[in-house]
Number of protein chains: 6
Amino acid sequence: MPLNPAFASLTQRLGKGTGSGLLTGWVGLPDPLVAGMVATEPFDSVVLDMQHGFVDLHSVVQGIAQVALAGKPALVRIPVGQFATASRVLDAGAAGVIAPMVNSAADARALVSFTKYPPLGERSWGPAVALNVCGLSAPEYLAQANALTATIAMVETRAALAAIDEILAVDGIDGVLVGPGDLSIALSDGKSVNPMAAEVDSALAHVAQRCKAHGKAACTFVTTGAKGADVIRMGYDFVSLGTDVMQLRAGANAFIGACKAG
Amino acid sequence: MPLNPAFASLTQRLGKGTGSGLLTGWVGLPDPLVAGMVATEPFDSVVLDMQHGFVDLHSVVQGIAQVALAGKPALVRIPVGQFATASRVLDAGAAGVIAPMVNSAADARALVSFTKYPPLGERSWGPAVALNVCGLSAPEYLAQANALTATIAMVETRAALAAIDEILAVDGIDGVLVGPGDLSIALSDGKSVNPMAAEVDSALAHVAQRCKAHGKAACTFVTTGAKGADVIRMGYDFVSLGTDVMQLRAGANAFIGACKAG
Amino acid sequence: MPLNPAFASLTQRLGKGTGSGLLTGWVGLPDPLVAGMVATEPFDSVVLDMQHGFVDLHSVVQGIAQVALAGKPALVRIPVGQFATASRVLDAGAAGVIAPMVNSAADARALVSFTKYPPLGERSWGPAVALNVCGLSAPEYLAQANALTATIAMVETRAALAAIDEILAVDGIDGVLVGPGDLSIALSDGKSVNPMAAEVDSALAHVAQRCKAHGKAACTFVTTGAKGADVIRMGYDFVSLGTDVMQLRAGANAFIGACKAG
Amino acid sequence: MPLNPAFASLTQRLGKGTGSGLLTGWVGLPDPLVAGMVATEPFDSVVLDMQHGFVDLHSVVQGIAQVALAGKPALVRIPVGQFATASRVLDAGAAGVIAPMVNSAADARALVSFTKYPPLGERSWGPAVALNVCGLSAPEYLAQANALTATIAMVETRAALAAIDEILAVDGIDGVLVGPGDLSIALSDGKSVNPMAAEVDSALAHVAQRCKAHGKAACTFVTTGAKGADVIRMGYDFVSLGTDVMQLRAGANAFIGACKAG
Amino acid sequence: MPLNPAFASLTQRLGKGTGSGLLTGWVGLPDPLVAGMVATEPFDSVVLDMQHGFVDLHSVVQGIAQVALAGKPALVRIPVGQFATASRVLDAGAAGVIAPMVNSAADARALVSFTKYPPLGERSWGPAVALNVCGLSAPEYLAQANALTATIAMVETRAALAAIDEILAVDGIDGVLVGPGDLSIALSDGKSVNPMAAEVDSALAHVAQRCKAHGKAACTFVTTGAKGADVIRMGYDFVSLGTDVMQLRAGANAFIGACKAG
Amino acid sequence: MPLNPAFASLTQRLGKGTGSGLLTGWVGLPDPLVAGMVATEPFDSVVLDMQHGFVDLHSVVQGIAQVALAGKPALVRIPVGQFATASRVLDAGAAGVIAPMVNSAADARALVSFTKYPPLGERSWGPAVALNVCGLSAPEYLAQANALTATIAMVETRAALAAIDEILAVDGIDGVLVGPGDLSIALSDGKSVNPMAAEVDSALAHVAQRCKAHGKAACTFVTTGAKGADVIRMGYDFVSLGTDVMQLRAGANAFIGACKAG
Ligand SMILES: [Mg+2]
Ligand SMILES: [Mg+2]
Ligand SMILES: [Mg+2]
Ligand SMILES: [Mg+2]
Ligand SMILES: [Mg+2]
Ligand SMILES: [Mg+2]
């Protein structure tokens with residue numbers, strides 16, 4: 001089989017701090033059909049969330065197939081520090097991995113050791129399912145996987161902000177994703193969760209600028225569509241527009257509201 | 001435990017052709033969390049769909065718990081003609097059963113034989129899980145279950161419309177639910193699926209009137225909120241406002257649209 | 001592999017109305033480990049319940065392996081009238097099938113058509129998993145399966161009692177199982193569920209006598225151990241001593257009671 | 001999305017008794033990855049088996065996505081007589097349904113009533129997942145589904161052979177699939193299972209000839225590759241080359257044999 | 001929704017070394033219905049065991065709903081050292097986390113970093129499901145979660161006993177749970193497992209006294225009801241009365257014993 | 001129950017670098033039936049792969065039962081560094097654990113701490129399911145488990161080769177398994193994956209010699225049967241002959257090839 005264009009599209013289209021503005025769905029409900037339905041909407045990709053969502057490895061394997069059926073690449077957010085899981089989801093055919101709470105260059109290097117094949121990292125060989133997803137032969141996958149899959153580190157603490165240049169400088173880190181909820185908690189010393197806070201905006205602008213300087217992808221998560229437009233103007237390359245649960249709730253409320261108003 | 005008010009609320013609040021206008025979510029995605037999320041929105045109940053959704057028995061058992069956690073009753077739509085499944089979902093704690101394609105009084109009686117205990121029907125005894133959901137003891141459940149659970153027959157063919165009075169007259173049938181999609185296909189002889197078609201509206205009005213005459217609940221499904229308001233004005237007692245998939249898609253599009261417009 | 005003695009033990013040890021008194025566990029909780037745990041207690045077999053339990057086909061396949069691991073045969077109770085499921089659970093390696101609500105010789109013949117190979121019945125060929133469980137080769141299984149697997153019809157209505165001789169006379173029916181809960185509801189015209197009712201006892205005695213006369217197995221379900229001893233004295237060959245849920249509740253209460261009394 | 005060529009390829013390439021010789025994998029192991037692996041081998045399609053395999057509805061939904069990911073159409077064999085399940089697997093995106101033990105024109109008409117939309121049948125509307133698989137809009141799917149999905153009746157008893165012309169004459173039946181295992185049991189009056197028996201060959205030849213006469217697809221199942229070549233020469237259009245379990249066993253034995261010989 | 005009293009009851013009723021004597025069920029069988037059945041018995045809470053039980057994240061999510069349906073709080077025991085899982089189960093609505101093999105203050109601080117929001121710990125934000133369980137809004141949950149959820153460290157080695165004061169002094173540790181089985185192995189240098197051993201009793205008494213001194217909850221696990229009464233008299237606040245498997249076995253044996261004695 | 005000979009056979013028959021040549025199946029497809037089917041082929045054991053396969057804990061529990069049903073011991077390969085999972089799979093009844101990427105004596109000691117009871121390691125007590133599999137009582141299992149279960153460290157990097165003597169010298173390490181795929185990548189500095197490379201052969205010979213010297217089992221994985229014979233001649237004690245996916249593909253191709261050639 002030739003290289004599946006859906007699989008390759010993530011890294012081929014992902015900018016480097018210049019505002020490529022890929023839009024992604026974000027799925028925490030574990031049934032693979034949820035990912036499949038979100039993937040048929042006009043998103044560029046779908047993230048399956050193993051940290052705060054309840055997606056498990058089985059959901060990842062089948063969810064990636066559902067997303068691929070819609071011609072889109074799937075990424076997976078792994079739980080905090082569980083880097084061995086990064087290798088497993090890449091084996092399942094993920095086009096990218098998002099790791100939360102990467103607070104230092106050491107964290108970033110540990111992540112890369114599980115997402116990139118030698119000599120860059122120490123990812124172990126076993127992509128039988130990924131080959132089905134990406135369409136490459138085994139030798140082709142070994143040669144191209146490090147470039148075709150994205151390793152994205154989440155920046156969502158004061159420590160991560162302080163280490164942003166060191167993190168971006170780690171070879172094998174393809175971008176960072178600002179987590180505005182946790183960052184707002186961190187910056188308010190636990191007083192509030194507010195992804196729209198001014199200090200979060202300052203951090204977003206700073207990170208975008210540092211990504212551009214390092215030639216790495218600037219990624220983030222927003223909770224309204226309008227904010228999505230804002231961050232793309234800031235130079236963001238990859239933006240998650242809320243979650244499946246937010247979208248389901250919004251849709252349900254729209255139906256109920258229209259009925260009660262009708 | 002006392003009678004769980006959530007469980008009892010379905011039949012206690014369900015009108016009889018007078019427009020009680022209960023609003024229900026409708027869930028075909030099998031993960032129980034989908035039902036749980038929909039249930040926390042301002043619906044009066046949630047339907048789990050085993051006919052066109054991919055809900056299986058395990059999803060029903062856990063989905064009912066998720067809906068009950070939100071203080072709402074759950075109903076289950078069973079596959080065509082699989083009346084033994086009606087007994088199983090009642091055993092799981094469903095507050096109501098919706099059976100598709102009930103086209104005659106004979107179909108309706110067969111349905112009742114699986115949803116009501118003797119002497120009204122022939123439902124077999126074994127509600128261990130349902131007792132956990134409804135809070136009744138075994139003797140209480142035997143005495144009250146026929147009244148506390150709703151048996152609803154779908155009217156969605158020419159044959160069903162022709163037999164509407166016979167169906168409504170069957171003892172144990174608590175209401176009918178007009179399926180506007182299949183009805184539109186039937187009334188157009190397979191030419192189109194259009195739940196908004198004028199001939200569907202005529203059928204809706206006729207069924208509402210017959211329900212009122214028989215003192216049975218008038219139920220239907222709509223694909224827009226505005227249509228929900230219309231059918232409640234017609235006298236409908238129970239209205240499904242689209243499905244989980246429609247709501248998820250609507251929500252995703254709202255986010256994307258706001259971003260692109262932003 | 002030779003014939004697995006665990007698989008064969010059901011029909012080899014099952015009496016014909018003479019009080020062989022095999023004791024069985026009865027499992028409605030779907031996780032296969034529940035069946036596995038019950039199977040390691042001193043029961044002669046384990047029944048997996050697809051009617052009032054929430055066991056599905058996946059649970060049956062894995063539950064049979066768990067029971068076999070304990071050296072016991074597994075039976076499966078199917079949902080009302082879903083005789084095609086009887087073939088599927090036999091394909092999964094069940095040593096017996098219990099069918100609820102068999103109310104006539106016609107019902108019994110329909111059941112047999114799905115549980116016995118031609119010319120006795122019309123069971124379709126495909127026992128790949130069953131061969132793993134029983135240890136026979138395909139030709140051996142075809143030759144022996146009708147004798148090695150038990151087809152048991154539940155007698156639990158007035159109609160079934162009235163037709164008891166016709167049901168027992170059906171070739172391929174290996175025994176009947178009296179369902180005392182449903183029978184008590186039937187005999188009280190829906191007024192009470194009481195497996196200990198006097199009229200149930202009369203029915204139990206009558207059925208035992210008819211089984212002995214026909215040379216077929218007399219089976220039933222009891223809700224106390226003492227009642228189990230009673231029915232064995234009546235001539236019962238196979239007795240379910242409560243369910244997994246009853247046993248779990250009894251055990252939990254014993255711990256709590258001892259603590260509160262301590 | 002445009003019509004997915006994988007989905008459409010089944011009916012577009014399936015001959016009518018002229019030996020189109022499509023080769024199919026046949027999967028009874030329920031994990032969707034098995035279907036995905038088989039689908040990447042040079043088969044034209046994959047059948048998911050709910051009769052003798054342990055595939056359930058969840059496996060069907062995810063298995064179809066795995067097969068589609070490989071650019072192939074998926075068919076589903078349903079359990080005996082469970083025609084409502086035929087509608088559900090078509091809703092999941094199956095390109096064809098295979099129904100076992102269709103022994104008369106009445107059986108065939110009952111099957112069609114669940115697989116074809118009005119006016120040909122009475123299939124109920126609800127293809128949300130199928131639309132994701134086939135790429136059509138809802139109106140397009142209503143207009144084209146009857147032609148784009150195949151309804152195949154299994155011929156595997158003396159009764160079915162006797163009624164072959166009546167079955168093939170039923171409008172909506174797109175082909176028949178000879179089941180050589182059950183047919184060999186039937187023709188030997190239960191004495192042996194031998195898909196290579198001479199009387200099975202005669203039946204195969206007769207059915208191929210009748211399919212050609214009726215312009216319907218001739219399908220069968222073989223247990224060796226060489227026999228596959230034989231039946232294609234007889235005029236068969238669709239041939240299953242063993243099952244996943246047979247292939248897994250054959251492969252394991254080839255490895256072991258080579259090691260022991262090495 | 002208001003704060004769910006079931007969720008809040010764990011920390012509200014849990015004493016601090018004064019013998020509040022809450023009784024808990026302990027569930028290792030993964031099906032959520034097991035947790036639901038245990039929860040309807042007169043326990044104060046239910047623990048779902050991911051260390052020695054086979055509960056996975058999906059079981060946790062659905063098990064918590066089943067326990068909440070019974071009006072009880074659920075706790076989860078995580079595997080050794082997998083602290084990221086502690087965050088995930090709190091996101092699922094657990095009212096408490098029990099971590100095995102906490103052998104030092106450093107272990108305890110690492111645990112707290114995953115169970116408490118900043119500034120006390122570094123738990124990451126994402127409680128969409130927990131909000132459904134506890135009934136709080138997002139800002140309320142951020143403000144109250146550290147107090148409303150319990151972090152309990154298991155003391156079950158010589159090292160942990162030696163460090164008991166340092167562990168109890170860690171801010172964010174709400175109590176300790178003595179594991180008598182592992183402790184007996186440790187104290188016998190691997191020679192025997194005996195939760196009733198005299199040296200375990202001495203340790204139990206010592207830990208109770210230290211908990212009282214630190215104002216933290218004293219928790220343990222017992223294998224007989226009588227021992228439960230003993231430890232409550234020692235000052236224990238939270239006692240697990242055996243496990244689901246022990247209770248199921250006890251119940252099964254009680255039925256069999258009564259039958260054989262009958 | 002007596003000690004299950006299947007469970008005990010792994011360590012009883014496993015040589016120590018002398019070429020005992022046990023042949024094992026290797027299963028990465030998560031459905032337990034795959035393990036069951038492979039186990040009935042003439043292998044000595046079956047490995048369930050949680051690193052590159054998609055086997056999860058539920059699959060392990062049920063897969064071990066399927067393998068035990070065939071009279072074989074099951075081993076489990078855990079993900080990189082997830083040693084707590086080693087304890088869980090032993091609790092599930094695994095007869096051995098294989099840990100990937102053990103690159104130092106420190107790694108090996110960390111592994112042993114989770115696989116052996118005190119005083120050798122720190123494995124925590126809770127083998128309720130393992131007792132069902134192995135047939136021992138709790139005291140017997142405590143006394144014998146360290147000897148009856150195998151702890152096998154994978155050697156598949158330059159670092160591991162350099163530390164081979166230190167790794168083999170760790171008390172509690174029962175053998176090492178050479179991973180030829182990753183080793184070929186490591187030895188080629190990421191240029192190629194070739195388990196047949198000459199430098200891999202040299203490493204295989206060296207490891208076999210060191211195992212013999214240390215009296216520990218020499219294990220490896222091969223991708224052809226002929227290579228299996230080679231490594232047994234080198235002194236290997238335990239050899240995996242490809243994977244389930246390789247065998248399934250080989251079998252499918254054999255059927256297709258024979259048909260096309262026919
Ligand atoms: Mg975050
Ligand atoms: Mg309809
Ligand atoms: Mg009954
Ligand atoms: Mg057949
Ligand atoms: Mg412990
Ligand atoms: Mg490796």
# chains A, B, ... in the order shown; residues from 1 in each chain; ligands from 1
$ residues_near_ligand --ligand "ligand 3" --cutoff "6 Å" --atoms "only C-alpha atoms and all ligand atoms" --output "VMD selection string"
(chain B and resid 124 to 125) or (chain C and resid 179 182)
$ write_last_selection --atoms "C-alpha atoms" --output "compact mmCIF listing (two decimals), in the first residue's frame"
# COMPACT_ATOMS: atom_id res chain seq x y z
CA SER B 124 -40.67 -13.57 33.49
CA TRP B 125 -39.40 -12.82 36.98
CA GLY C 179 -38.73 -22.37 37.58
CA ASP C 182 -42.34 -17.67 37.66
$ interface_residues --of "chain B" --to "chain C" --cutoff "6 Å" --atoms "only C-alpha atoms" --output "PDB file with C-alpha atoms, in the first residue's frame"
ATOM      1  CA  ALA B  84     -37.445 -10.976  24.673  1.00  0.00           C
ATOM      2  CA  PRO B 118     -49.133 -11.811  34.715  1.00  0.00           C
ATOM      3  CA  PRO B 119     -51.950 -11.701  34.406  1.00  0.00           C
ATOM      4  CA  TRP B 125     -39.397 -12.823  36.982  1.00  0.00           C
ATOM      5  CA  GLY B 126     -35.788 -11.816  37.623  1.00  0.00           C
TER       6      GLY B 126
END
$ residues_around --residues "Gly19 (chain E)" --least-positions-apart "2" --cutoff "6 Å" --atoms "only C-alpha atoms" --output "list of chain:residue names"
E:Gly17, E:Gly21, E:Ile232, E:Gly235, E:Tyr236, E:Asp237
$ residues_around --residues "Met37 (chain B)" --least-positions-apart "5" --cutoff "9 Å" --atoms "only C-alpha atoms" --output "list in words"
Val245, Leu248 and Arg249 of chain A; Pro32, Gln66, Val67 and Ala70 of chain B; Val129 and Asn132 of chain E
$ write_last_selection --atoms "all heavy atoms" --output "JSON list (two decimals), in the first residue's frame"
[["chain", "number", "residue", "atom", "x", "y", "z"],
["A", 245, "VAL", "N", -17.28, 16.30, 24.80],
["A", 245, "VAL", "CA", -18.33, 16.51, 25.81],
["A", 245, "VAL", "C", -18.88, 17.93, 25.72],
["A", 245, "VAL", "O", -20.10, 18.14, 25.78],
["A", 245, "VAL", "CB", -17.78, 16.20, 27.22],
["A", 245, "VAL", "CG1", -18.77, 16.64, 28.30],
["A", 245, "VAL", "CG2", -17.48, 14.71, 27.36],
["A", 248, "LEU", "N", -21.09, 17.98, 22.61],
["A", 248, "LEU", "CA", -22.35, 17.25, 22.83],
["A", 248, "LEU", "C", -23.29, 18.08, 23.69],
["A", 248, "LEU", "O", -24.49, 18.21, 23.39],
["A", 248, "LEU", "CB", -22.05, 15.91, 23.50],
["A", 248, "LEU", "CG", -23.21, 15.02, 23.89],
["A", 248, "LEU", "CD1", -24.00, 14.58, 22.66],
["A", 248, "LEU", "CD2", -22.70, 13.79, 24.64],
["A", 249, "ARG", "N", -22.76, 18.66, 24.76],
["A", 249, "ARG", "CA", -23.60, 19.49, 25.63],
["A", 249, "ARG", "C", -24.12, 20.72, 24.88],
["A", 249, "ARG", "O", -25.28, 21.08, 25.01],
["A", 249, "ARG", "CB", -22.78, 19.96, 26.85],
["A", 249, "ARG", "CG", -22.47, 18.85, 27.85],
["A", 249, "ARG", "CD", -21.90, 19.45, 29.14],
["A", 249, "ARG", "NE", -21.52, 18.47, 30.12],
["A", 249, "ARG", "CZ", -22.37, 17.69, 30.81],
["A", 249, "ARG", "NH1", -23.68, 17.80, 30.61],
["A", 249, "ARG", "NH2", -21.93, 16.83, 31.70],
["B", 32, "PRO", "N", -21.61, 4.14, 28.00],
["B", 32, "PRO", "CA", -22.56, 4.65, 28.99],
["B", 32, "PRO", "C", -22.33, 6.10, 29.38],
["B", 32, "PRO", "O", -23.26, 6.78, 29.80],
["B", 32, "PRO", "CB", -22.35, 3.71, 30.19],
["B", 32, "PRO", "CG", -21.74, 2.47, 29.63],
["B", 32, "PRO", "CD", -20.92, 2.92, 28.45],
["B", 66, "GLN", "N", -25.92, 5.37, 34.75],
["B", 66, "GLN", "CA", -25.45, 6.74, 34.48],
["B", 66, "GLN", "C", -26.63, 7.72, 34.44],
["B", 66, "GLN", "O", -26.53, 8.84, 34.93],
["B", 66, "GLN", "CB", -24.69, 6.79, 33.14],
["B", 66, "GLN", "CG", -23.36, 6.07, 33.15],
["B", 66, "GLN", "CD", -22.26, 6.83, 33.90],
["B", 66, "GLN", "OE1", -22.40, 8.02, 34.19],
["B", 66, "GLN", "NE2", -21.20, 6.14, 34.24],
["B", 67, "VAL", "N", -27.72, 7.30, 33.81],
["B", 67, "VAL", "CA", -28.89, 8.19, 33.71],
["B", 67, "VAL", "C", -29.52, 8.36, 35.10],
["B", 67, "VAL", "O", -29.91, 9.47, 35.50],
["B", 67, "VAL", "CB", -29.89, 7.63, 32.69],
["B", 67, "VAL", "CG1", -31.18, 8.44, 32.69],
["B", 67, "VAL", "CG2", -29.26, 7.62, 31.29],
["B", 70, "ALA", "N", -28.00, 10.88, 37.29],
["B", 70, "ALA", "CA", -28.43, 12.25, 37.01],
["B", 70, "ALA", "C", -29.88, 12.49, 37.45],
["B", 70, "ALA", "O", -30.44, 13.56, 37.20],
["B", 70, "ALA", "CB", -28.28, 12.56, 35.52],
["E", 129, "VAL", "N", -16.28, 14.01, 34.24],
["E", 129, "VAL", "CA", -17.14, 12.94, 34.77],
["E", 129, "VAL", "C", -17.33, 13.10, 36.28],
["E", 129, "VAL", "O", -18.43, 12.90, 36.80],
["E", 129, "VAL", "CB", -16.54, 11.55, 34.43],
["E", 129, "VAL", "CG1", -17.29, 10.43, 35.12],
["E", 129, "VAL", "CG2", -16.55, 11.35, 32.92],
["E", 132, "ASN", "N", -20.25, 15.17, 37.22],
["E", 132, "ASN", "CA", -21.54, 14.45, 37.18],
["E", 132, "ASN", "C", -21.76, 13.67, 38.47],
["E", 132, "ASN", "O", -22.90, 13.55, 38.95],
["E", 132, "ASN", "CB", -21.56, 13.46, 36.00],
["E", 132, "ASN", "CG", -21.68, 14.13, 34.66],
["E", 132, "ASN", "OD1", -21.74, 15.35, 34.56],
["E", 132, "ASN", "ND2", -21.71, 13.32, 33.60]]
$ select_by_dssp --residues "region 125-199 of chain C" --states "strand (DSSP E)" --output "list in words"
Ala150, Thr151, Ile152, Ala153, Met154, Val155, Gly175, Val176, Leu177 and Val178 of chain C
$ write_last_selection --atoms "N, CA, C and O atoms" --output "mmCIF file, in the first residue's frame"
data_model
loop_
_atom_site.group_PDB
_atom_site.id
_atom_site.type_symbol
_atom_site.label_atom_id
_atom_site.label_comp_id
_atom_site.auth_asym_id
_atom_site.auth_seq_id
_atom_site.Cartn_x
_atom_site.Cartn_y
_atom_site.Cartn_z
ATOM 1 N N ALA C 150 -26.731 -31.462 27.053
ATOM 2 C CA ALA C 150 -28.086 -31.608 27.579
ATOM 3 C C ALA C 150 -28.979 -30.459 27.131
ATOM 4 O O ALA C 150 -28.572 -29.300 27.184
ATOM 5 N N THR C 151 -30.171 -30.800 26.716
ATOM 6 C CA THR C 151 -31.186 -29.812 26.346
ATOM 7 C C THR C 151 -32.292 -29.864 27.394
ATOM 8 O O THR C 151 -32.992 -30.868 27.519
ATOM 9 N N ILE C 152 -32.428 -28.766 28.117
ATOM 10 C CA ILE C 152 -33.333 -28.741 29.262
ATOM 11 C C ILE C 152 -34.351 -27.634 29.077
ATOM 12 O O ILE C 152 -33.995 -26.473 28.854
ATOM 13 N N ALA C 153 -35.606 -27.993 29.177
ATOM 14 C CA ALA C 153 -36.716 -27.053 28.950
ATOM 15 C C ALA C 153 -37.279 -26.598 30.285
ATOM 16 O O ALA C 153 -37.549 -27.420 31.159
ATOM 17 N N MET C 154 -37.479 -25.292 30.429
ATOM 18 C CA MET C 154 -38.030 -24.803 31.692
ATOM 19 C C MET C 154 -39.550 -24.908 31.697
ATOM 20 O O MET C 154 -40.236 -24.519 30.758
ATOM 21 N N VAL C 155 -40.026 -25.394 32.798
ATOM 22 C CA VAL C 155 -41.458 -25.557 33.053
ATOM 23 C C VAL C 155 -41.800 -24.552 34.143
ATOM 24 O O VAL C 155 -41.344 -24.690 35.280
ATOM 25 N N GLY C 175 -34.340 -33.170 29.727
ATOM 26 C CA GLY C 175 -34.860 -32.948 31.064
ATOM 27 C C GLY C 175 -35.644 -31.661 31.102
ATOM 28 O O GLY C 175 -35.689 -30.913 30.112
ATOM 29 N N VAL C 176 -36.288 -31.437 32.230
ATOM 30 C CA VAL C 176 -37.001 -30.170 32.409
ATOM 31 C C VAL C 176 -36.515 -29.534 33.710
ATOM 32 O O VAL C 176 -36.084 -30.219 34.632
ATOM 33 N N LEU C 177 -36.587 -28.210 33.750
ATOM 34 C CA LEU C 177 -36.179 -27.468 34.946
ATOM 35 C C LEU C 177 -37.360 -26.626 35.399
ATOM 36 O O LEU C 177 -37.822 -25.741 34.655
ATOM 37 N N VAL C 178 -37.843 -26.914 36.571
ATOM 38 C CA VAL C 178 -38.967 -26.156 37.120
ATOM 39 C C VAL C 178 -38.458 -24.806 37.611
ATOM 40 O O VAL C 178 -37.504 -24.748 38.403
#
$ residues_around --residues "Leu168 (chain F)" --least-positions-apart "6" --cutoff "12 Å" --atoms "only C-alpha atoms" --output "MDAnalysis selection string"
chainID F and resid 16:17 102:109 112 151:155 160:162 174:177 207:218
$ atom_distance --atom1 "CA of Ala143 (chain E)" --atom2 "CA of Ala130 (chain E)"
13.9 Å
